[in-house]
>>> print(open('query-v6.cif').read())   # mmCIF, C-alpha atoms
data_upload
#
loop_
_atom_site.label_atom_id
_atom_site.label_comp_id
_atom_site.auth_asym_id
_atom_site.auth_seq_id
_atom_site.Cartn_x
_atom_site.Cartn_y
_atom_site.Cartn_z
CA MET A 1 16.08 57.97 19.30
CA PRO A 2 17.94 59.47 16.36
CA SER A 3 19.10 56.11 15.11
CA THR A 4 18.21 56.86 11.52
CA VAL A 5 20.41 59.92 11.35
CA THR A 6 24.06 59.12 11.47
CA LYS A 7 27.17 61.05 10.70
CA THR A 8 29.19 57.91 10.13
CA PRO A 9 29.22 58.13 6.31
CA GLU A 10 30.85 61.50 6.56
CA ILE A 11 33.67 60.33 8.74
CA ILE A 12 34.13 57.26 6.57
CA LYS A 13 34.48 59.51 3.58
CA LYS A 14 36.95 61.73 5.35
CA ASN A 15 39.22 58.89 6.48
CA GLU A 16 38.53 56.38 3.76
CA GLN A 17 42.11 55.65 2.73
CA GLU A 18 43.33 55.10 6.27
CA MET A 19 40.40 52.91 7.19
CA LEU A 20 40.65 50.83 4.06
CA GLU A 21 44.26 49.96 4.76
CA ASP A 22 43.49 49.11 8.35
CA TRP A 23 40.59 46.90 7.32
CA VAL A 24 42.58 45.04 4.63
CA LYS A 25 45.35 44.46 7.18
CA GLN A 26 42.81 43.02 9.64
CA GLN A 27 41.49 40.60 7.07
CA LYS A 28 44.87 39.56 5.80
CA LYS A 29 45.87 38.56 9.30
CA VAL A 30 43.05 36.02 9.52
CA LEU A 31 42.99 34.95 5.90
CA GLN A 32 46.71 34.18 5.82
CA ASN A 33 46.33 30.63 4.55
CA ARG A 34 43.74 31.67 2.03
CA ILE A 35 45.88 34.24 0.31
CA ASP A 36 46.49 31.84 -2.59
CA HIS A 37 42.80 32.06 -3.47
CA LEU A 38 42.56 35.78 -2.99
CA SER A 39 45.17 38.30 -4.09
CA GLU A 40 45.65 41.45 -2.03
CA SER A 41 44.58 43.67 -4.90
CA THR A 42 41.29 41.78 -5.28
CA LEU A 43 40.67 42.03 -1.55
CA LYS A 44 41.35 45.74 -1.61
CA GLN A 45 39.06 46.14 -4.59
CA GLN A 46 36.30 44.28 -2.79
CA CYS A 47 36.69 46.35 0.37
CA LYS A 48 36.59 49.58 -1.57
CA GLU A 49 33.50 48.54 -3.48
CA PHE A 50 31.75 47.52 -0.27
CA LEU A 51 32.60 50.79 1.49
CA ASN A 52 31.16 52.75 -1.43
CA GLN A 53 27.94 50.78 -1.46
CA PHE A 54 27.73 50.89 2.32
CA GLN A 55 28.07 54.67 2.44
CA THR A 56 25.39 55.19 -0.18
CA ALA A 57 23.04 52.86 1.64
CA VAL A 58 23.59 54.43 5.07
CA GLN A 59 23.08 57.90 3.65
CA SER A 60 19.61 56.87 2.52
CA GLY A 61 18.65 56.81 6.20
CA GLU A 62 16.90 53.44 5.96
CA MET A 63 18.39 51.45 8.85
CA LYS A 64 15.74 49.05 10.02
CA ASP A 65 14.73 46.89 7.14
CA ILE A 66 17.96 46.18 5.30
CA ASP A 67 16.73 42.80 4.05
CA GLN A 68 13.99 44.34 1.93
CA SER A 69 14.57 48.03 1.28
CA LYS A 70 15.70 49.26 -2.13
CA ALA A 71 18.46 51.44 -0.72
CA TRP A 72 20.35 48.34 0.41
CA ASP A 73 19.99 46.50 -2.90
CA GLY A 74 23.54 47.31 -3.97
CA VAL A 75 25.09 46.17 -0.69
CA ARG A 76 23.03 42.99 -0.68
CA ARG A 77 23.93 42.15 -4.25
CA PHE A 78 27.61 42.77 -3.62
CA LEU A 79 27.69 40.68 -0.43
CA ALA A 80 25.70 37.86 -2.03
CA GLU A 81 28.17 37.68 -4.92
CA LEU A 82 31.10 37.74 -2.49
CA SER A 83 29.70 34.99 -0.23
CA ARG A 84 28.82 32.84 -3.19
CA SER A 85 32.29 33.04 -4.70
CA ARG A 86 33.88 32.40 -1.30
CA ALA A 87 31.61 29.43 -0.68
CA LEU A 88 32.61 27.92 -4.00
CA ALA A 89 36.30 28.58 -3.25
CA SER A 90 35.77 26.50 -0.09
CA PHE A 91 36.20 29.28 2.46
CA SER A 92 34.76 28.47 5.87
CA PRO A 93 31.59 30.26 7.01
CA SER A 94 33.47 32.35 9.56
CA GLU A 95 36.10 33.32 7.03
CA THR A 96 33.29 34.53 4.82
CA ALA A 97 31.42 36.43 7.54
CA LEU A 98 34.69 37.94 8.66
CA PHE A 99 34.66 40.21 5.65
CA VAL A 100 31.94 42.28 7.29
CA PHE A 101 32.81 41.74 10.96
CA SER A 102 36.42 42.77 10.57
CA LEU A 103 35.23 46.21 9.52
CA LYS A 104 34.14 46.85 13.12
CA GLN A 105 37.55 47.44 14.60
CA PRO A 106 38.88 50.05 12.15
CA LEU A 107 35.51 51.75 12.01
CA PHE A 108 35.02 51.92 15.77
CA THR A 109 38.55 53.20 16.32
CA LEU A 110 37.72 55.95 13.93
CA MET A 111 34.41 56.70 15.60
CA GLN A 112 36.03 56.88 19.01
CA ARG A 113 38.26 59.58 17.67
CA GLU A 114 35.46 61.56 16.05
CA PHE A 115 32.54 61.27 18.46
CA LYS A 116 32.08 61.91 22.15
CA GLY A 117 29.83 60.71 24.97
CA GLU A 118 26.24 59.84 24.19
CA GLU A 119 26.69 60.47 20.50
CA LEU A 120 29.48 57.88 20.40
CA ALA A 121 27.29 55.27 22.11
CA ASN A 122 24.40 55.92 19.76
CA GLU A 123 26.53 55.78 16.64
CA ILE A 124 28.30 52.62 17.70
CA TRP A 125 25.03 50.95 18.53
CA THR A 126 23.53 51.80 15.13
CA ILE A 127 26.53 50.74 13.11
CA SER A 128 27.14 47.63 15.16
CA GLU A 129 23.57 46.50 14.61
CA LEU A 130 23.90 47.15 10.90
CA LEU A 131 27.13 45.24 10.52
CA ASP A 132 25.75 42.31 12.49
CA LYS A 133 22.81 42.10 10.14
CA LEU A 134 25.06 42.26 7.11
CA GLY A 135 27.36 39.62 8.58
CA LEU A 136 24.43 37.30 9.17
CA PHE A 137 23.30 37.97 5.63
CA THR A 138 26.64 36.79 4.22
CA THR A 139 26.40 33.62 6.29
CA GLU A 140 22.92 33.00 5.00
CA VAL A 141 23.96 33.38 1.39
CA TYR A 142 26.99 31.20 2.08
CA GLN A 143 24.77 28.46 3.46
CA GLN A 144 22.41 28.82 0.52
CA SER A 145 25.23 28.44 -2.01
CA ARG A 146 26.51 25.36 -0.23
CA GLU A 147 23.04 23.86 -0.24
CA ASP A 148 22.70 24.54 -3.94
CA VAL A 149 25.92 22.64 -4.53
CA ILE A 150 24.68 19.72 -2.44
CA ARG A 151 21.37 19.67 -4.24
CA ARG A 152 23.07 19.66 -7.63
CA GLN A 153 25.35 16.85 -6.59
CA GLN A 154 22.40 14.85 -5.30
CA GLN A 155 20.71 15.23 -8.65
CA GLU A 156 23.84 14.17 -10.49
CA LEU A 157 24.26 11.20 -8.20
CA LEU A 158 20.70 10.16 -8.90
CA GLU A 159 21.28 10.27 -12.63
CA LEU A 160 24.69 8.65 -12.48
CA SER A 161 23.79 5.77 -10.28
CA THR A 162 20.90 4.18 -12.10
CA PRO A 163 22.13 2.71 -15.36
CA VAL A 164 20.18 -0.07 -17.04
CA MET A 165 22.34 -2.55 -18.94
CA ARG A 166 21.36 -4.85 -21.75
CA MET A 167 22.75 -8.25 -20.84
CA TRP A 168 21.34 -10.44 -23.56
CA GLU A 169 18.44 -10.57 -25.92
CA GLY A 170 15.41 -9.96 -23.72
CA VAL A 171 17.46 -9.68 -20.52
CA ILE A 172 18.37 -6.40 -18.83
CA ALA A 173 20.13 -5.71 -15.55
CA VAL A 174 20.13 -2.84 -13.06
CA PRO A 175 23.04 -2.70 -10.63
CA ILE A 176 21.79 -0.79 -7.59
CA ILE A 177 24.58 0.95 -5.70
CA GLY A 178 24.06 2.91 -2.49
CA THR A 179 21.14 3.35 -0.17
CA LEU A 180 17.73 2.76 -1.71
CA ASP A 181 15.42 5.59 -0.68
CA SER A 182 12.09 6.49 -2.26
CA ALA A 183 13.51 9.15 -4.61
CA ARG A 184 16.05 6.71 -6.00
CA THR A 185 13.51 3.91 -6.25
CA GLN A 186 11.37 6.22 -8.32
CA ALA A 187 14.29 7.02 -10.64
CA ILE A 188 15.30 3.38 -10.93
CA MET A 189 11.73 2.31 -11.58
CA GLU A 190 11.26 4.89 -14.31
CA ASN A 191 14.54 3.99 -16.03
CA LEU A 192 13.87 0.28 -15.75
CA LEU A 193 10.32 0.44 -17.11
CA GLN A 194 11.35 2.67 -20.00
CA GLU A 195 14.16 0.29 -20.86
CA ILE A 196 11.72 -2.63 -20.77
CA VAL A 197 9.59 -0.85 -23.35
CA ASP A 198 12.62 0.05 -25.49
CA THR A 199 14.33 -3.34 -25.47
CA ASN A 200 11.34 -5.61 -25.21
CA ALA A 201 12.91 -7.29 -22.20
CA LYS A 202 11.29 -10.35 -20.67
CA LEU A 203 13.59 -10.62 -17.67
CA ALA A 204 15.18 -7.96 -15.52
CA ILE A 205 17.94 -8.60 -13.01
CA LEU A 206 18.12 -6.23 -10.02
CA ASP A 207 21.54 -6.58 -8.48
CA ILE A 208 21.69 -5.34 -4.89
CA SER A 209 25.29 -6.25 -4.06
CA GLY A 210 26.00 -2.52 -3.84
CA VAL A 211 23.24 -1.81 -1.34
CA PRO A 212 24.80 -1.53 2.12
CA THR A 213 21.79 -2.52 4.22
CA VAL A 214 18.34 -3.82 3.55
CA ASP A 215 15.60 -2.85 6.00
CA THR A 216 11.84 -3.15 5.67
CA GLN A 217 11.68 0.16 3.82
CA THR A 218 14.31 -0.86 1.26
CA ALA A 219 12.62 -4.21 0.76
CA GLN A 220 9.32 -2.41 0.25
CA HIS A 221 10.94 -0.29 -2.47
CA LEU A 222 12.37 -3.38 -4.12
CA ILE A 223 9.03 -5.16 -4.07
CA LYS A 224 7.39 -2.08 -5.61
CA THR A 225 9.87 -2.09 -8.46
CA VAL A 226 9.35 -5.80 -9.02
CA SER A 227 5.55 -5.41 -9.05
CA ALA A 228 5.69 -2.52 -11.52
CA ALA A 229 7.86 -4.57 -13.87
CA LYS A 230 5.50 -7.50 -13.44
CA LEU A 231 2.56 -5.35 -14.50
CA MET A 232 4.38 -4.75 -17.75
CA GLY A 233 4.92 -8.45 -18.25
CA THR A 234 8.55 -8.61 -17.16
CA GLN A 235 9.80 -11.02 -14.52
CA CYS A 236 12.38 -9.67 -12.09
CA ILE A 237 15.27 -11.53 -10.54
CA ILE A 238 16.94 -10.07 -7.46
CA SER A 239 20.60 -10.97 -7.26
CA GLY A 240 23.63 -10.05 -5.21
CA ILE A 241 22.12 -10.92 -1.86
CA ARG A 242 24.98 -11.10 0.62
CA PRO A 243 24.82 -13.59 3.50
CA GLN A 244 24.25 -10.89 6.14
CA ILE A 245 21.49 -9.38 4.07
CA ALA A 246 19.80 -12.76 3.67
CA GLN A 247 19.86 -13.10 7.47
CA THR A 248 18.51 -9.59 8.00
CA VAL A 249 15.67 -10.19 5.55
CA VAL A 250 14.67 -13.36 7.37
CA HIS A 251 14.96 -11.75 10.81
CA LEU A 252 12.81 -8.83 9.74
CA GLY A 253 10.23 -11.24 8.35
CA ILE A 254 10.23 -9.64 4.92
CA GLU A 255 8.46 -11.78 2.38
CA LEU A 256 10.22 -12.07 -0.93
CA ASP A 257 8.34 -15.23 -1.87
CA ASN A 258 6.96 -13.98 -5.16
CA VAL A 259 10.35 -12.85 -6.38
CA ILE A 260 13.06 -14.99 -7.88
CA THR A 261 16.21 -14.44 -5.83
CA LYS A 262 19.75 -15.50 -6.63
CA ALA A 263 22.94 -15.16 -4.62
CA THR A 264 25.07 -13.64 -7.36
CA MET A 265 24.76 -11.90 -10.70
CA TYR A 266 26.44 -14.97 -12.22
CA ASP A 267 23.62 -17.24 -11.04
CA ALA A 268 21.00 -14.74 -12.10
CA LEU A 269 22.37 -14.46 -15.62
CA ALA A 270 22.70 -18.23 -15.95
CA PHE A 271 19.10 -18.58 -14.81
CA ALA A 272 17.92 -15.86 -17.18
CA LEU A 273 19.68 -17.46 -20.15
CA ALA A 274 18.22 -20.85 -19.33
CA ARG A 275 14.76 -19.34 -18.94
CA ARG A 276 15.10 -17.69 -22.33
CA GLY A 277 16.14 -21.02 -23.84
CA TRP A 278 19.82 -20.26 -24.35
CA HIS A 279 22.49 -22.84 -23.95
CA VAL A 280 26.08 -21.71 -23.49
CA GLN A 281 28.82 -24.22 -24.16
CA ARG A 282 32.60 -24.07 -23.97
CA VAL A 283 34.50 -24.99 -27.12
CA ASN A 284 37.60 -27.14 -26.63
CA GLY A 285 40.72 -27.21 -28.79
CA ALA A 286 39.96 -24.29 -31.07
CA SER A 287 43.05 -23.35 -33.10
CA SER A 288 42.97 -19.60 -33.64
CA SER A 289 41.20 -17.22 -31.35
CA VAL A 290 39.10 -15.79 -34.18
CA GLU A 291 37.88 -19.20 -35.18
CA LYS A 292 37.18 -19.97 -31.56
CA LEU A 293 35.04 -16.90 -31.19
CA ALA A 294 33.17 -17.66 -34.40
CA ARG A 295 32.44 -21.19 -33.32
CA GLN A 296 31.39 -20.05 -29.88
CA THR A 297 28.86 -17.72 -31.40
CA SER A 298 27.38 -20.38 -33.64
CA ASN A 299 27.19 -22.81 -30.74
CA MET A 300 25.01 -20.54 -28.70
CA SER A 301 21.81 -21.57 -30.33
CA GLY A 302 18.57 -20.26 -29.02
CA ASN A 303 15.20 -21.91 -29.00
CA LEU A 304 12.48 -20.05 -27.20
CA PRO A 305 10.38 -21.97 -24.74
CA MET B 1 -22.85 5.33 -24.30
CA GLU B 2 -19.61 4.31 -25.93
CA ARG B 3 -18.96 0.64 -25.68
CA ILE B 4 -15.79 -1.31 -26.05
CA PRO B 5 -15.89 -3.97 -28.80
CA ILE B 6 -15.03 -7.56 -27.92
CA LEU B 7 -13.58 -9.51 -30.83
CA LYS B 8 -13.58 -13.27 -31.00
CA VAL B 9 -10.39 -14.64 -32.55
CA GLY B 10 -10.24 -18.44 -32.51
CA GLN B 11 -10.31 -19.59 -28.91
CA TYR B 12 -9.64 -16.10 -27.64
CA LEU B 13 -11.49 -12.90 -26.95
CA LEU B 14 -9.63 -9.77 -27.92
CA ILE B 15 -10.32 -6.41 -26.32
CA THR B 16 -8.37 -3.29 -27.09
CA ILE B 17 -9.18 -0.25 -25.05
CA GLN B 18 -8.59 2.86 -27.15
CA VAL B 19 -10.39 5.50 -25.13
CA ASP B 20 -10.09 6.70 -21.58
CA LEU B 21 -12.24 4.45 -19.45
CA HIS B 22 -14.83 5.63 -17.03
CA ASP B 23 -16.48 3.58 -14.34
CA LYS B 24 -19.72 2.74 -16.14
CA MET B 25 -17.87 1.68 -19.26
CA ILE B 26 -15.67 -0.84 -17.51
CA LEU B 27 -18.61 -2.27 -15.56
CA ALA B 28 -20.48 -2.70 -18.85
CA LEU B 29 -17.40 -4.36 -20.29
CA GLN B 30 -17.17 -6.76 -17.35
CA ASP B 31 -20.81 -7.68 -17.82
CA GLU B 32 -20.57 -8.18 -21.55
CA LEU B 33 -17.31 -10.08 -21.32
CA THR B 34 -18.58 -12.67 -18.86
CA ASN B 35 -21.59 -13.23 -21.10
CA MET B 36 -19.31 -13.59 -24.13
CA ILE B 37 -17.09 -16.15 -22.39
CA VAL B 38 -20.07 -18.34 -21.62
CA LYS B 39 -21.55 -17.90 -25.10
CA THR B 40 -18.37 -18.56 -27.07
CA GLY B 41 -16.58 -20.90 -24.72
CA ALA B 42 -13.42 -18.81 -25.04
CA ARG B 43 -10.31 -20.12 -23.30
CA GLY B 44 -8.31 -16.94 -23.20
CA ILE B 45 -8.89 -13.19 -22.96
CA LEU B 46 -6.43 -10.57 -24.10
CA ILE B 47 -6.99 -7.01 -22.92
CA ASP B 48 -4.70 -4.46 -24.52
CA ILE B 49 -4.42 -1.21 -22.58
CA SER B 50 -1.50 0.36 -24.47
CA ALA B 51 -3.60 3.42 -25.31
CA LEU B 52 -4.67 3.90 -21.71
CA GLU B 53 -2.96 6.79 -19.97
CA ILE B 54 -4.85 6.79 -16.70
CA VAL B 55 -5.79 3.83 -14.55
CA ASP B 56 -7.38 4.56 -11.20
CA SER B 57 -7.90 2.19 -8.31
CA PHE B 58 -11.42 1.32 -9.42
CA ILE B 59 -10.43 0.32 -12.95
CA GLY B 60 -7.49 -1.63 -11.59
CA ARG B 61 -9.78 -3.53 -9.25
CA VAL B 62 -12.37 -4.25 -11.93
CA LEU B 63 -9.64 -5.57 -14.25
CA ALA B 64 -8.59 -7.94 -11.49
CA GLN B 65 -12.24 -8.93 -10.97
CA VAL B 66 -12.66 -9.59 -14.70
CA ALA B 67 -9.71 -11.96 -14.47
CA SER B 68 -11.24 -13.75 -11.47
CA CYS B 69 -14.59 -14.14 -13.27
CA ALA B 70 -12.81 -15.46 -16.35
CA LYS B 71 -10.86 -17.90 -14.23
CA LEU B 72 -14.12 -19.26 -12.80
CA LEU B 73 -15.31 -19.80 -16.36
CA ASP B 74 -12.01 -21.52 -17.19
CA ALA B 75 -10.44 -18.76 -19.24
CA GLU B 76 -7.08 -17.03 -18.69
CA THR B 77 -6.70 -13.26 -18.80
CA VAL B 78 -3.66 -11.39 -20.11
CA VAL B 79 -3.39 -7.63 -19.79
CA THR B 80 -0.90 -6.22 -22.28
CA GLY B 81 0.85 -2.98 -23.12
CA MET B 82 0.67 -1.25 -19.77
CA ARG B 83 2.64 2.00 -19.90
CA PRO B 84 5.48 2.63 -17.43
CA ALA B 85 3.67 5.58 -15.84
CA VAL B 86 0.52 3.52 -15.39
CA ALA B 87 2.50 0.65 -13.87
CA ILE B 88 4.11 3.02 -11.37
CA THR B 89 0.74 4.51 -10.45
CA MET B 90 -0.78 1.06 -9.91
CA VAL B 91 2.07 0.06 -7.62
CA GLU B 92 1.81 3.33 -5.69
CA LEU B 93 -1.92 2.80 -5.30
CA GLY B 94 -1.17 -0.68 -4.00
CA ILE B 95 -3.31 -2.45 -6.58
CA SER B 96 -2.20 -6.02 -6.92
CA MET B 97 -3.49 -7.60 -10.09
CA LYS B 98 -3.64 -11.08 -8.64
CA GLY B 99 -4.61 -13.72 -11.15
CA VAL B 100 -3.94 -11.47 -14.12
CA HIS B 101 -1.13 -12.35 -16.48
CA THR B 102 0.75 -9.46 -18.01
CA ALA B 103 2.81 -9.00 -21.16
CA LEU B 104 4.64 -6.14 -22.79
CA ASN B 105 2.63 -6.07 -26.03
CA ALA B 106 -0.26 -7.85 -27.72
CA GLU B 107 2.04 -10.19 -29.62
CA ASP B 108 3.80 -11.38 -26.46
CA GLY B 109 0.41 -11.63 -24.77
CA MET B 110 -0.94 -13.91 -27.46
CA GLU B 111 2.17 -16.09 -27.18
CA LEU B 112 1.74 -16.22 -23.41
CA LEU B 113 -1.90 -17.29 -23.76
CA ASN B 114 -0.87 -20.01 -26.19
CA ASP B 115 1.78 -21.16 -23.71
CA ILE B 116 -0.59 -21.26 -20.75
CA LEU B 117 -3.35 -23.11 -22.58
CA HIS B 118 -0.85 -25.48 -24.12
CA ARG B 119 0.55 -26.12 -20.66
CA ASP B 120 -2.91 -26.85 -19.28
CA GLU B 121 -3.70 -29.33 -22.04
CA TYR B 122 -0.48 -31.23 -21.63
CA ALA B 123 0.03 -30.59 -17.97
CA HIS B 124 1.29 -34.09 -17.37
CA ASP B 125 4.17 -33.49 -19.81
CA PHE B 126 5.53 -30.70 -17.64
CA SER B 127 6.99 -32.03 -14.43
CA ALA B 128 8.06 -28.56 -13.34
CA ILE B 129 8.04 -25.09 -14.80
CA ASN B 130 11.54 -23.90 -14.06
#
>>> encode(input="query-v6.cif", output="structure tokens")
Amino acid sequence: MPSTVTKTPEIIKKNEQEMLEDWVKQQKKVLQNRIDHLSESTLKQQCKEFLNQFQTAVQSGEMKDIDQSKAWDGVRRFLAELSRSRALASFSPSETALFVFSLKQPLFTLMQREFKGEELANEIWTISELLDKLGLFTTEVYQQSREDVIRRQQQELLELSTPVMRMWEGVIAVPIIGTLDSARTQAIMENLLQEIVDTNAKLAILDISGVPTVDTQTAQHLIKTVSAAKLMGTQCIISGIRPQIAQTVVHLGIELDNVITKATMYDALAFALARRGWHVQRVNGASSSVEKLARQTSNMSGNLP
Amino acid sequence: MERIPILKVGQYLLITIQVDLHDKMILALQDELTNMIVKTGARGILIDISALEIVDSFIGRVLAQVASCAKLLDAETVVTGMRPAVAITMVELGISMKGVHTALNAEDGMELLNDILHRDEYAHDFSAIN
């Protein structure tokens, strides 16, 4: 089977201009609503570049192992770059793979004109197989780029969503928003424990009003965090328990007996202040707002238990 | 073999662990400590582990056992200065330090011991603890 010897590069070279125009036209037809992201000149440039690389690679005679062989390095690099940029410009996977697949029609028309009989069948088979592989390759790179984006966003989300706030002297709070899985628990735990060391906190409030559901797994993660804080001498208060969540916890038989729980952040903070020996009092009939603030501050006297 | 010094400070026994523990060392410590409690009549024990970077399940368990022994001899145990990484490891290993009090640093630990002993002495003055 003379599949490694092909005359296709020659005929591509001979009819390059004609084929290029045909190919660009093909793509433009499908990419109509994408034309704002991709000017015609860029598209033409890309097609030309690919054809050049493709010819060089095919001439090398290496047809089987295009994923590894050196001869196809240029084509692979070019296609990878193209798929990546299209993925980031939010093209769909098929729109991206189309770049390669749309070459089939102009190329096969050309081959039909140039070859006859068995030779035609052989050539078409070889080239078709090649283009399929290259098309799949673009899809793979496309998928990879999309996954990279998702992974980066996940990482950012992890960092964004675990702030530790200083509420008062010796009191810190962690508002937990979103589903609590083990990776996030780990991040929250690390942040919380570091903050305990940094601020010398005696009480930590974990607010779970932003956690959509609490199942046994989530509760387990919460209990872990509470135990770790306890080992460092800090008492945890879990607040923001919504009525449905309270019911779920009871139905699931989760034991939160060793943890102080409060319905709202308000209650938790009030409890924490009382525990730390603070007494907050409203001042009546203050004349100017500045004076009021000053008096308020002096009225909040603290005596540690 | 290296041994860990036990210092008597007033009513308390003070132990700071500055080197990485191995199994024999902590067993020796447990032995010596129980003897010291009986000999000195100490009411509180403060173990500072702020220099400790690794705690395995065995050491965690022995620390809990030390606390239980001390409790039997009417002394309270406070473990202080546990590092965040160590705390996470202990939780992941599932070691519960039941009966051990914890505090962030030695100063807080001492205060906590004072509080607990004070509370015991005047227990009837405290109707409820929050």
>>> resolve_selection(input="query-v6.cif", expression="the PyMOL selection byres ((chain A and resi 213) around 12)", output="short mmCIF file (atom, residue, chain, number, x, y, z; two decimals) with C-alpha atoms, in the coordinates of the input")
data_model
loop_
_atom_site.label_atom_id
_atom_site.label_comp_id
_atom_site.auth_asym_id
_atom_site.auth_seq_id
_atom_site.Cartn_x
_atom_site.Cartn_y
_atom_site.Cartn_z
CA ILE A 176 21.79 -0.79 -7.59
CA ILE A 177 24.58 0.95 -5.70
CA GLY A 178 24.06 2.91 -2.49
CA THR A 179 21.14 3.35 -0.17
CA LEU A 180 17.73 2.76 -1.71
CA ASP A 181 15.42 5.59 -0.68
CA ILE A 208 21.69 -5.34 -4.89
CA SER A 209 25.29 -6.25 -4.06
CA GLY A 210 26.00 -2.52 -3.84
CA VAL A 211 23.24 -1.81 -1.34
CA PRO A 212 24.80 -1.53 2.12
CA VAL A 214 18.34 -3.82 3.55
CA ASP A 215 15.60 -2.85 6.00
CA THR A 216 11.84 -3.15 5.67
CA GLN A 217 11.68 0.16 3.82
CA THR A 218 14.31 -0.86 1.26
CA ALA A 219 12.62 -4.21 0.76
CA ILE A 241 22.12 -10.92 -1.86
CA ARG A 242 24.98 -11.10 0.62
CA PRO A 243 24.82 -13.59 3.50
CA GLN A 244 24.25 -10.89 6.14
CA ILE A 245 21.49 -9.38 4.07
CA ALA A 246 19.80 -12.76 3.67
CA GLN A 247 19.86 -13.10 7.47
CA THR A 248 18.51 -9.59 8.00
CA VAL A 249 15.67 -10.19 5.55
#
>>> interface_residues(input="query-v6.cif", of="chain B", to="chain A", cutoff="8 Å", atoms="all atoms listed in the file", output="number ranges by chain")
B: 80-85, 87-88, 90-92, 97, 101-104, 130
>>> closest_residue(input="query-v6.cif", among="B:Ile6, B:Ile116, B:Val55, B:Val79", to="Thr40 (chain B)", atoms="all atoms listed in the file")
B:Ile6
>>> resolve_selection(input="query-v6.cif", expression="the PyMOL selection byres ((chain B and resi 8-11) around 8)", output="ChimeraX atom specification")
/B:6-7,12-14,41-44
>>> write_last_selection(input="query-v6.cif", atoms="C-alpha atoms", output="mmCIF file, in the frame of the given file")
data_model
loop_
_atom_site.group_PDB
_atom_site.id
_atom_site.type_symbol
_atom_site.label_atom_id
_atom_site.label_comp_id
_atom_site.auth_asym_id
_atom_site.auth_seq_id
_atom_site.Cartn_x
_atom_site.Cartn_y
_atom_site.Cartn_z
ATOM 1 C CA ILE B 6 -15.030 -7.560 -27.920
ATOM 2 C CA LEU B 7 -13.580 -9.510 -30.830
ATOM 3 C CA TYR B 12 -9.640 -16.100 -27.640
ATOM 4 C CA LEU B 13 -11.490 -12.900 -26.950
ATOM 5 C CA LEU B 14 -9.630 -9.770 -27.920
ATOM 6 C CA GLY B 41 -16.580 -20.900 -24.720
ATOM 7 C CA ALA B 42 -13.420 -18.810 -25.040
ATOM 8 C CA ARG B 43 -10.310 -20.120 -23.300
ATOM 9 C CA GLY B 44 -8.310 -16.940 -23.200
#
>>> resolve_selection(input="query-v6.cif", expression="the PyMOL selection byres ((chain A and resi 89) around 12)", output="list in words")
Arg34, Ile35, Asp36, His37, Leu38, Leu82, Ser83, Arg84, Ser85, Arg86, Ala87, Leu88, Ser90, Phe91, Ser92, Pro93, Glu95, Thr96, Tyr142, Ser145 and Arg146 of chain A
>>> atom_distance(input="query-v6.cif", atom1="CA of Gln17 (chain A)", atom2="CA of Lys70 (chain A)")
27.6 Å
